[in-house]
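Source file data_11.pdb; content: PDB, C-alpha atoms.
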ATOM      1  CA  MET A   1       0.000   0.000   0.000  1.00  0.00           C
ATOM      2  CA  ASP A   2       1.102   3.565  -0.684  1.00  0.00           C
ATOM      3  CA  GLN A   3       2.973   4.858   2.353  1.00  0.00           C
ATOM      4  CA  LYS A   4       3.109   8.522   1.358  1.00  0.00           C
ATOM      5  CA  GLY A   5       1.658  10.695   4.058  1.00  0.00           C
ATOM      6  CA  ILE A   6      -1.670  12.510   3.907  1.00  0.00           C
ATOM      7  CA  LEU A   7      -1.958  16.277   4.040  1.00  0.00           C
ATOM      8  CA  ILE A   8      -4.581  16.955   6.709  1.00  0.00           C
ATOM      9  CA  VAL A   9      -6.197  20.350   7.119  1.00  0.00           C
ATOM     10  CA  ILE A  10      -7.840  20.969  10.481  1.00  0.00           C
ATOM     11  CA  SER A  11      -9.917  24.126  10.648  1.00  0.00           C
ATOM     12  CA  GLY A  12     -12.591  25.325  12.996  1.00  0.00           C
ATOM     13  CA  PHE A  13     -14.086  28.277  14.736  1.00  0.00           C
ATOM     14  CA  SER A  14     -11.730  30.217  16.962  1.00  0.00           C
ATOM     15  CA  GLY A  15     -12.181  28.562  20.364  1.00  0.00           C
ATOM     16  CA  ALA A  16     -13.143  25.137  18.990  1.00  0.00           C
ATOM     17  CA  GLY A  17     -10.021  23.566  20.490  1.00  0.00           C
ATOM     18  CA  LYS A  18      -7.958  22.962  17.349  1.00  0.00           C
ATOM     19  CA  GLY A  19      -4.593  23.383  19.060  1.00  0.00           C
ATOM     20  CA  THR A  20      -5.513  21.130  21.976  1.00  0.00           C
ATOM     21  CA  LEU A  21      -6.798  18.435  19.619  1.00  0.00           C
ATOM     22  CA  VAL A  22      -3.676  18.509  17.455  1.00  0.00           C
ATOM     23  CA  ARG A  23      -1.329  18.315  20.458  1.00  0.00           C
ATOM     24  CA  LYS A  24      -3.206  15.344  21.896  1.00  0.00           C
ATOM     25  CA  LEU A  25      -3.372  13.582  18.525  1.00  0.00           C
ATOM     26  CA  MET A  26       0.402  13.868  18.119  1.00  0.00           C
ATOM     27  CA  GLU A  27       0.970  12.750  21.700  1.00  0.00           C
ATOM     28  CA  VAL A  28      -1.074   9.555  21.256  1.00  0.00           C
ATOM     29  CA  HIS A  29      -0.117   8.689  17.651  1.00  0.00           C
ATOM     30  CA  ASN A  30       3.429   9.172  16.345  1.00  0.00           C
ATOM     31  CA  GLU A  31       2.676   9.218  12.590  1.00  0.00           C
ATOM     32  CA  TYR A  32       1.595  12.863  12.660  1.00  0.00           C
ATOM     33  CA  VAL A  33       3.648  16.029  12.386  1.00  0.00           C
ATOM     34  CA  LEU A  34       2.420  19.585  12.643  1.00  0.00           C
ATOM     35  CA  SER A  35       3.333  22.080   9.968  1.00  0.00           C
ATOM     36  CA  VAL A  36       4.225  25.213  11.876  1.00  0.00           C
ATOM     37  CA  SER A  37       2.566  28.256  10.318  1.00  0.00           C
ATOM     38  CA  MET A  38       4.080  31.671   9.835  1.00  0.00           C
ATOM     39  CA  THR A  39       2.103  34.627  11.194  1.00  0.00           C
ATOM     40  CA  THR A  40       2.349  38.364  11.656  1.00  0.00           C
ATOM     41  CA  ARG A  41       0.285  38.391  14.857  1.00  0.00           C
ATOM     42  CA  ALA A  42       1.927  38.862  18.257  1.00  0.00           C
ATOM     43  CA  PRO A  43       2.633  35.745  20.360  1.00  0.00           C
ATOM     44  CA  ARG A  44       0.163  34.823  23.084  1.00  0.00           C
ATOM     45  CA  VAL A  45       1.383  33.956  26.562  1.00  0.00           C
ATOM     46  CA  GLY A  46       3.268  30.655  26.470  1.00  0.00           C
ATOM     47  CA  GLU A  47       3.634  30.482  22.679  1.00  0.00           C
ATOM     48  CA  ARG A  48       7.171  29.766  21.439  1.00  0.00           C
ATOM     49  CA  GLU A  49       8.897  30.776  18.236  1.00  0.00           C
ATOM     50  CA  GLY A  50       9.126  27.820  15.849  1.00  0.00           C
ATOM     51  CA  VAL A  51       6.812  25.658  17.964  1.00  0.00           C
ATOM     52  CA  GLU A  52       3.328  27.176  17.825  1.00  0.00           C
ATOM     53  CA  TYR A  53       4.189  29.630  15.014  1.00  0.00           C
ATOM     54  CA  PHE A  54       7.013  31.370  13.209  1.00  0.00           C
ATOM     55  CA  PHE A  55       6.376  34.971  14.229  1.00  0.00           C
ATOM     56  CA  THR A  56       7.438  37.566  11.674  1.00  0.00           C
ATOM     57  CA  GLU A  57       6.895  41.117  10.524  1.00  0.00           C
ATOM     58  CA  ARG A  58       4.482  41.944   7.702  1.00  0.00           C
ATOM     59  CA  GLU A  59       7.312  42.974   5.352  1.00  0.00           C
ATOM     60  CA  GLN A  60       9.103  39.622   5.755  1.00  0.00           C
ATOM     61  CA  PHE A  61       5.864  37.702   5.293  1.00  0.00           C
ATOM     62  CA  GLU A  62       5.130  39.522   2.037  1.00  0.00           C
ATOM     63  CA  GLU A  63       8.658  38.816   0.804  1.00  0.00           C
ATOM     64  CA  THR A  64       8.115  35.085   1.476  1.00  0.00           C
ATOM     65  CA  ILE A  65       4.942  35.275  -0.612  1.00  0.00           C
ATOM     66  CA  ARG A  66       6.887  36.817  -3.497  1.00  0.00           C
ATOM     67  CA  GLN A  67       9.466  34.010  -3.305  1.00  0.00           C
ATOM     68  CA  ASN A  68       6.715  31.328  -3.533  1.00  0.00           C
ATOM     69  CA  GLY A  69       7.792  29.997  -0.155  1.00  0.00           C
ATOM     70  CA  LEU A  70       4.231  29.400   1.069  1.00  0.00           C
ATOM     71  CA  ILE A  71       1.728  26.848  -0.179  1.00  0.00           C
ATOM     72  CA  GLU A  72      -1.098  29.008   1.139  1.00  0.00           C
ATOM     73  CA  TYR A  73      -1.653  32.168   3.089  1.00  0.00           C
ATOM     74  CA  ALA A  74      -4.597  34.179   4.311  1.00  0.00           C
ATOM     75  CA  SER A  75      -5.469  37.327   6.218  1.00  0.00           C
ATOM     76  CA  TYR A  76      -7.486  36.828   9.410  1.00  0.00           C
ATOM     77  CA  CYS A  77      -8.480  39.510  11.925  1.00  0.00           C
ATOM     78  CA  GLY A  78      -5.859  41.885  10.554  1.00  0.00           C
ATOM     79  CA  ASN A  79      -2.922  39.463  10.463  1.00  0.00           C
ATOM     80  CA  TYR A  80      -1.302  37.172   7.899  1.00  0.00           C
ATOM     81  CA  TYR A  81      -1.076  33.401   8.380  1.00  0.00           C
ATOM     82  CA  GLY A  82       0.711  31.053   5.956  1.00  0.00           C
ATOM     83  CA  THR A  83       2.157  27.547   5.498  1.00  0.00           C
ATOM     84  CA  PRO A  84       5.851  27.126   4.570  1.00  0.00           C
ATOM     85  CA  ARG A  85       6.205  24.857   1.517  1.00  0.00           C
ATOM     86  CA  LYS A  86       9.492  22.962   1.962  1.00  0.00           C
ATOM     87  CA  TYR A  87       8.776  21.307   5.315  1.00  0.00           C
ATOM     88  CA  VAL A  88       5.358  20.026   4.224  1.00  0.00           C
ATOM     89  CA  GLU A  89       6.650  18.380   1.050  1.00  0.00           C
ATOM     90  CA  GLU A  90       9.586  16.711   2.841  1.00  0.00           C
ATOM     91  CA  GLN A  91       7.402  15.199   5.562  1.00  0.00           C
ATOM     92  CA  LEU A  92       4.781  13.844   3.161  1.00  0.00           C
ATOM     93  CA  THR A  93       7.474  12.091   1.138  1.00  0.00           C
ATOM     94  CA  ALA A  94       8.829  10.574   4.359  1.00  0.00           C
ATOM     95  CA  GLY A  95       5.402   9.016   5.026  1.00  0.00           C
ATOM     96  CA  LYS A  96       4.261  11.363   7.785  1.00  0.00           C
ATOM     97  CA  ASN A  97       0.712  12.709   7.969  1.00  0.00           C
ATOM     98  CA  VAL A  98       1.191  16.469   7.948  1.00  0.00           C
ATOM     99  CA  ILE A  99      -1.369  18.526   9.860  1.00  0.00           C
ATOM    100  CA  LEU A 100      -2.115  22.079   8.815  1.00  0.00           C
ATOM    101  CA  GLU A 101      -4.057  24.001  11.440  1.00  0.00           C
ATOM    102  CA  ILE A 102      -5.364  26.824   9.279  1.00  0.00           C
ATOM    103  CA  GLU A 103      -8.414  28.950   8.612  1.00  0.00           C
ATOM    104  CA  ILE A 104     -11.032  28.259   5.969  1.00  0.00           C
ATOM    105  CA  GLN A 105      -9.543  30.592   3.335  1.00  0.00           C
ATOM    106  CA  GLY A 106      -6.264  28.727   3.409  1.00  0.00           C
ATOM    107  CA  ALA A 107      -7.965  25.335   3.594  1.00  0.00           C
ATOM    108  CA  LEU A 108      -9.765  25.908   0.305  1.00  0.00           C
ATOM    109  CA  LYS A 109      -6.511  27.012  -1.335  1.00  0.00           C
ATOM    110  CA  ILE A 110      -4.856  23.808  -0.117  1.00  0.00           C
ATOM    111  CA  LYS A 111      -7.676  21.694  -1.564  1.00  0.00           C
ATOM    112  CA  ALA A 112      -7.279  23.430  -4.915  1.00  0.00           C
ATOM    113  CA  GLN A 113      -3.527  22.739  -4.986  1.00  0.00           C
ATOM    114  CA  PHE A 114      -3.645  19.297  -3.365  1.00  0.00           C
ATOM    115  CA  PRO A 115      -6.950  17.596  -4.307  1.00  0.00           C
ATOM    116  CA  GLU A 116      -6.047  14.518  -2.262  1.00  0.00           C
ATOM    117  CA  SER A 117      -5.743  16.497   0.979  1.00  0.00           C
ATOM    118  CA  LEU A 118      -8.168  15.691   3.799  1.00  0.00           C
ATOM    119  CA  LEU A 119     -10.195  18.606   5.178  1.00  0.00           C
ATOM    120  CA  ILE A 120     -11.650  18.300   8.698  1.00  0.00           C
ATOM    121  CA  PHE A 121     -13.706  21.039  10.342  1.00  0.00           C
ATOM    122  CA  LEU A 122     -13.725  21.093  14.149  1.00  0.00           C
ATOM    123  CA  THR A 123     -16.624  22.605  16.064  1.00  0.00           C
ATOM    124  CA  PRO A 124     -17.838  22.706  19.676  1.00  0.00           C
ATOM    125  CA  PRO A 125     -21.236  21.152  20.398  1.00  0.00           C
ATOM    126  CA  SER A 126     -23.057  24.504  20.216  1.00  0.00           C
ATOM    127  CA  GLY A 127     -22.710  28.222  19.623  1.00  0.00           C
ATOM    128  CA  GLU A 128     -23.218  28.858  23.329  1.00  0.00           C
ATOM    129  CA  GLU A 129     -20.287  26.579  24.162  1.00  0.00           C
ATOM    130  CA  LEU A 130     -18.092  28.382  21.637  1.00  0.00           C
ATOM    131  CA  LYS A 131     -18.875  31.751  23.263  1.00  0.00           C
ATOM    132  CA  ARG A 132     -18.114  30.295  26.702  1.00  0.00           C
ATOM    133  CA  ARG A 133     -14.733  28.978  25.545  1.00  0.00           C
ATOM    134  CA  LEU A 134     -13.717  32.270  23.994  1.00  0.00           C
ATOM    135  CA  GLU A 135     -14.623  34.178  27.149  1.00  0.00           C
ATOM    136  CA  GLY A 136     -12.871  31.563  29.278  1.00  0.00           C
ATOM    137  CA  ARG A 137      -9.516  32.243  27.654  1.00  0.00           C
ATOM    138  CA  GLY A 138      -9.294  35.541  29.496  1.00  0.00           C
ATOM    139  CA  THR A 139      -6.811  36.864  26.906  1.00  0.00           C
ATOM    140  CA  GLU A 140      -9.026  38.945  24.619  1.00  0.00           C
ATOM    141  CA  SER A 141     -11.302  41.931  24.962  1.00  0.00           C
ATOM    142  CA  ALA A 142     -15.052  41.763  24.495  1.00  0.00           C
ATOM    143  CA  GLU A 143     -14.585  43.556  21.170  1.00  0.00           C
ATOM    144  CA  VAL A 144     -12.157  40.910  19.870  1.00  0.00           C
ATOM    145  CA  ILE A 145     -14.447  38.101  21.038  1.00  0.00           C
ATOM    146  CA  ALA A 146     -17.346  39.744  19.201  1.00  0.00           C
ATOM    147  CA  ARG A 147     -15.231  39.873  16.031  1.00  0.00           C
ATOM    148  CA  ARG A 148     -14.333  36.217  16.380  1.00  0.00           C
ATOM    149  CA  LEU A 149     -17.993  35.255  16.774  1.00  0.00           C
ATOM    150  CA  ALA A 150     -18.883  37.335  13.718  1.00  0.00           C
ATOM    151  CA  ARG A 151     -16.105  35.579  11.821  1.00  0.00           C
ATOM    152  CA  ALA A 152     -17.521  32.220  12.943  1.00  0.00           C
ATOM    153  CA  VAL A 153     -20.820  33.120  11.273  1.00  0.00           C
ATOM    154  CA  GLU A 154     -18.947  33.742   8.011  1.00  0.00           C
ATOM    155  CA  GLU A 155     -16.960  30.520   8.334  1.00  0.00           C
ATOM    156  CA  SER A 156     -20.110  28.494   8.877  1.00  0.00           C
ATOM    157  CA  GLU A 157     -21.019  29.287   5.266  1.00  0.00           C
ATOM    158  CA  GLY A 158     -17.979  27.348   4.003  1.00  0.00           C
ATOM    159  CA  VAL A 159     -18.146  24.203   6.111  1.00  0.00           C
ATOM    160  CA  GLU A 160     -19.811  22.242   3.305  1.00  0.00           C
ATOM    161  CA  SER A 161     -16.502  22.348   1.405  1.00  0.00           C
ATOM    162  CA  TYR A 162     -14.852  20.106   4.011  1.00  0.00           C
ATOM    163  CA  ASP A 163     -14.672  16.305   3.905  1.00  0.00           C
ATOM    164  CA  TYR A 164     -15.781  15.789   7.514  1.00  0.00           C
ATOM    165  CA  ILE A 165     -17.152  17.670  10.523  1.00  0.00           C
ATOM    166  CA  VAL A 166     -15.939  16.547  13.960  1.00  0.00           C
ATOM    167  CA  VAL A 167     -17.580  17.775  17.172  1.00  0.00           C
ATOM    168  CA  ASN A 168     -15.027  18.477  19.911  1.00  0.00           C
ATOM    169  CA  ASP A 169     -16.920  17.704  23.090  1.00  0.00           C
ATOM    170  CA  VAL A 170     -14.907  14.965  24.863  1.00  0.00           C
ATOM    171  CA  LEU A 171     -11.272  15.456  23.797  1.00  0.00           C
ATOM    172  CA  GLU A 172     -10.178  11.807  23.897  1.00  0.00           C
ATOM    173  CA  GLU A 173     -13.130  10.698  21.786  1.00  0.00           C
ATOM    174  CA  CYS A 174     -12.520  13.528  19.344  1.00  0.00           C
ATOM    175  CA  VAL A 175      -8.856  12.505  18.927  1.00  0.00           C
ATOM    176  CA  GLU A 176      -9.752   8.911  18.100  1.00  0.00           C
ATOM    177  CA  GLU A 177     -12.464   9.983  15.688  1.00  0.00           C
ATOM    178  CA  VAL A 178      -9.995  12.119  13.747  1.00  0.00           C
ATOM    179  CA  HIS A 179      -7.398   9.319  13.769  1.00  0.00           C
ATOM    180  CA  ASN A 180      -9.951   6.844  12.423  1.00  0.00           C
ATOM    181  CA  LEU A 181     -10.975   9.235   9.654  1.00  0.00           C
ATOM    182  CA  VAL A 182      -7.346   9.563   8.587  1.00  0.00           C
ATOM    183  CA  GLY A 183      -6.927   5.789   8.618  1.00  0.00           C
ATOM    184  CA  ALA A 184      -9.943   5.368   6.379  1.00  0.00           C
ATOM    185  CA  ALA A 185      -8.727   8.127   4.065  1.00  0.00           C
ATOM    186  CA  ARG A 186      -5.409   6.320   3.567  1.00  0.00           C
ATOM    187  CA  ARG A 187      -7.331   3.450   1.972  1.00  0.00           C
ATOM    188  CA  ALA A 188      -9.278   5.569  -0.489  1.00  0.00           C
ATOM    189  CA  PRO A 189      -8.493   4.504  -4.083  1.00  0.00           C
ATOM    190  CA  VAL A 190      -7.463   8.051  -4.998  1.00  0.00           C
ATOM    191  CA  ARG A 191      -4.552   7.706  -2.536  1.00  0.00           C
ATOM    192  CA  GLN A 192      -3.613   4.166  -3.635  1.00  0.00           C
ATOM    193  CA  ARG A 193      -3.000   4.632  -7.349  1.00  0.00           C
ATOM    194  CA  ALA A 194       0.430   2.946  -7.288  1.00  0.00           C
ATOM    195  CA  PHE A 195      -0.970  -0.068  -5.432  1.00  0.00           C
ATOM    196  CA  ILE A 196      -3.914  -0.380  -7.823  1.00  0.00           C
ATOM    197  CA  LYS A 197      -1.566  -0.127 -10.821  1.00  0.00           C
ATOM    198  CA  GLU A 198       0.649  -2.893  -9.414  1.00  0.00           C
ATOM    199  CA  ILE A 199      -2.262  -5.265  -8.857  1.00  0.00           C
ATOM    200  CA  ARG A 200      -3.711  -4.504 -12.291  1.00  0.00           C
ATOM    201  CA  GLU A 201      -0.391  -5.306 -13.959  1.00  0.00           C
ATOM    202  CA  GLU A 202      -0.058  -8.562 -12.003  1.00  0.00           C
ATOM    203  CA  LEU A 203      -3.577  -9.610 -12.971  1.00  0.00           C
ATOM    204  CA  GLN A 204      -2.923  -8.812 -16.607  1.00  0.00           C
ATOM    205  CA  LYS A 205       0.209 -10.946 -16.515  1.00  0.00           C
ATOM    206  CA  PHE A 206      -1.571 -13.868 -14.845  1.00  0.00           C
ATOM    207  CA  SER A 207      -4.510 -13.635 -17.236  1.00  0.00           C
ATOM    208  CA  LYS A 208      -2.201 -13.896 -20.231  1.00  0.00           C
ATOM    209  CA  GLY A 209      -0.499 -16.890 -18.669  1.00  0.00           C
ATOM    210  CA  ALA A 210      -3.862 -18.606 -18.214  1.00  0.00           C
ATOM    211  CA  ASP A 211      -4.498 -18.281 -21.941  1.00  0.00           C
TER
END

Take the structure in the file and write it out as structure tokens.
Amino acid sequence: MDQKGILIVISGFSGAGKGTLVRKLMEVHNEYVLSVSMTTRAPRVGEREGVEYFFTEREQFEETIRQNGLIEYASYCGNYYGTPRKYVEEQLTAGKNVILEIEIQGALKIKAQFPESLLIFLTPPSGEELKRRLEGRGTESAEVIARRLARAVEESEGVESYDYIVVNDVLEECVEEVHNLVGAARRAPVRQRAFIKEIREELQKFSKGAD
């Protein structure tokens, strides 16, 4: 079977728990790697350069765009976010499932460039729960939270473009659901062309021998 990795896009409303899910998924299953995004936003408390994000100035980000060093980028709440190209391609070739934790604009660009990518949209069980999680962070003003909720309304219009929706209620169950979806996706014929070709050629050879 084809052992090339799968490019997995995990998106979701701000506050849906994307980062927590990805960290737990990588902790439990070692075949995943996270593609670290580049951003122009300021680091939050506890975020580390090169771990959560590559933090950069707007001018440097725009220069990276000009050099075709990103496979996607988007503007969200006044800041740029983008995915460095080289690391993603190297990890996929090595057989790792590469996770991109990006917003819906970037996710649709990835799907256009990489039709075999797997798009998963993460959501809390309800809108009320999403509001509670955003307020519970204690890191953003009421104005910023209101903007994030307004953005969530816009994002809800694009969810149909994803392959799967996963509800993040109980973290451990959510992790295993995502892992199982990836396992099933690995076996999709579109990702097993080399294997199908090999079997077809063997069958053709055997059928000629039977004649």

Which is closest to Glu143 in chain A among A:Gly158, A:Cys77, A:Pro189, A:Val28, if we use all atoms listed in the file?
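Selected residue with least distance to Glu143 in chain A: A:Cys77.
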
Identify, on the basis of only C-alpha atoms, every residue whose closest approach to Glu129 in chain A does not exceed 12 Å; exclude the query and any residue fewer than 3 positions from it along the same chain; express the result as a ChimeraX atom specification.
/A:13-17,123-126,132-136,149,167-169

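Residue nearest Ala94 in chain A within the list A:Arg186, A:Lys208, A:Lys4, A:Lys197: A:Lys4 [criterion: smallest interatomic distance, only C-alpha atoms].
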
Mind giving me the straight-line distance from CA of Val166 in chain A to CA of Leu122 in chain A in Å, one decimal?
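One can read the CA of Val166 in chain A to CA of Leu122 in chain A distance as 5.1 Å.
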
Just want the 9 Å neighbourhood of Pro84 in chain A, counted on only C-alpha atoms, with same-chain residues fewer than 3 positions away dropped. Output as a PDB file with C-alpha atoms, in the frame of the given file.
ATOM      1  CA  SER A  35       3.333  22.080   9.968  1.00  0.00           C
ATOM      2  CA  VAL A  36       4.225  25.213  11.876  1.00  0.00           C
ATOM      3  CA  SER A  37       2.566  28.256  10.318  1.00  0.00           C
ATOM      4  CA  MET A  38       4.080  31.671   9.835  1.00  0.00           C
ATOM      5  CA  THR A  64       8.115  35.085   1.476  1.00  0.00           C
ATOM      6  CA  GLY A  69       7.792  29.997  -0.155  1.00  0.00           C
ATOM      7  CA  LEU A  70       4.231  29.400   1.069  1.00  0.00           C
ATOM      8  CA  ILE A  71       1.728  26.848  -0.179  1.00  0.00           C
ATOM      9  CA  GLU A  72      -1.098  29.008   1.139  1.00  0.00           C
ATOM     10  CA  TYR A  87       8.776  21.307   5.315  1.00  0.00           C
ATOM     11  CA  VAL A  88       5.358  20.026   4.224  1.00  0.00           C
TER      12      VAL A  88
END

Selection in question (the file shown): the PyMOL selection byres ((chain A and resi 152) around 10). Which residues does it include, as JSON, numbers by chain?
{"A": [12, 13, 14, 15, 127, 130, 146, 147, 148, 149, 150, 151, 153, 154, 155, 156, 157]}

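One finds CA of Phe195 in chain A at 18.2 Å from CA of Lys96 in chain A.
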
Please write the residues picked by the PyMOL selection byres ((chain A and resi 98-108) around 8) on this file as a VMD selection string.
chain A and resid 5 to 12 18 to 19 22 32 to 37 72 to 74 76 81 to 83 88 91 to 92 96 to 97 109 to 112 119 155 158 161

Any idea what the distance is between CA of Glu62 in chain A and CA of Thr40 in chain A?
10.1 Å

I'd like to see the residues matched by the PyMOL selection byres ((chain A and resi 55) around 10) on this file, and ideally I'd get them as an MDAnalysis selection string.
chainID A and resid 37:43 47:50 52:54 56:58 61 81

At a cut-off of 8 Å from (-3.4, 14.1, -2.3) in the coordinates of the file, what residues are picked up using only C-alpha atoms, written as a PDB file with C-alpha atoms, keeping the file's coordinate frame?
ATOM      1  CA  ILE A   6      -1.670  12.510   3.907  1.00  0.00           C
ATOM      2  CA  LEU A   7      -1.958  16.277   4.040  1.00  0.00           C
ATOM      3  CA  PHE A 114      -3.645  19.297  -3.365  1.00  0.00           C
ATOM      4  CA  PRO A 115      -6.950  17.596  -4.307  1.00  0.00           C
ATOM      5  CA  GLU A 116      -6.047  14.518  -2.262  1.00  0.00           C
ATOM      6  CA  SER A 117      -5.743  16.497   0.979  1.00  0.00           C
ATOM      7  CA  LEU A 118      -8.168  15.691   3.799  1.00  0.00           C
ATOM      8  CA  VAL A 190      -7.463   8.051  -4.998  1.00  0.00           C
ATOM      9  CA  ARG A 191      -4.552   7.706  -2.536  1.00  0.00           C
TER      10      ARG A 191
END

Which of these, A:His179, A:Arg66, A:Arg187, A:Arg193, has the shortest distance to Leu25 in chain A once you count all atoms listed in the file?
A:His179

Which of these residues is nearest to Lys86 in chain A, using all atoms listed in the file: A:Leu171, A:Asn68, A:Val45, A:Ser141?
A:Asn68

Listed atoms of range 133-150 of chain A boxed axis-aligned with 5 Å per side, centre + edges as JSON:
{"center_x": -12.8, "center_y": 36.3, "center_z": 21.6, "size_x": 22.1, "size_y": 24.6, "size_z": 25.8}
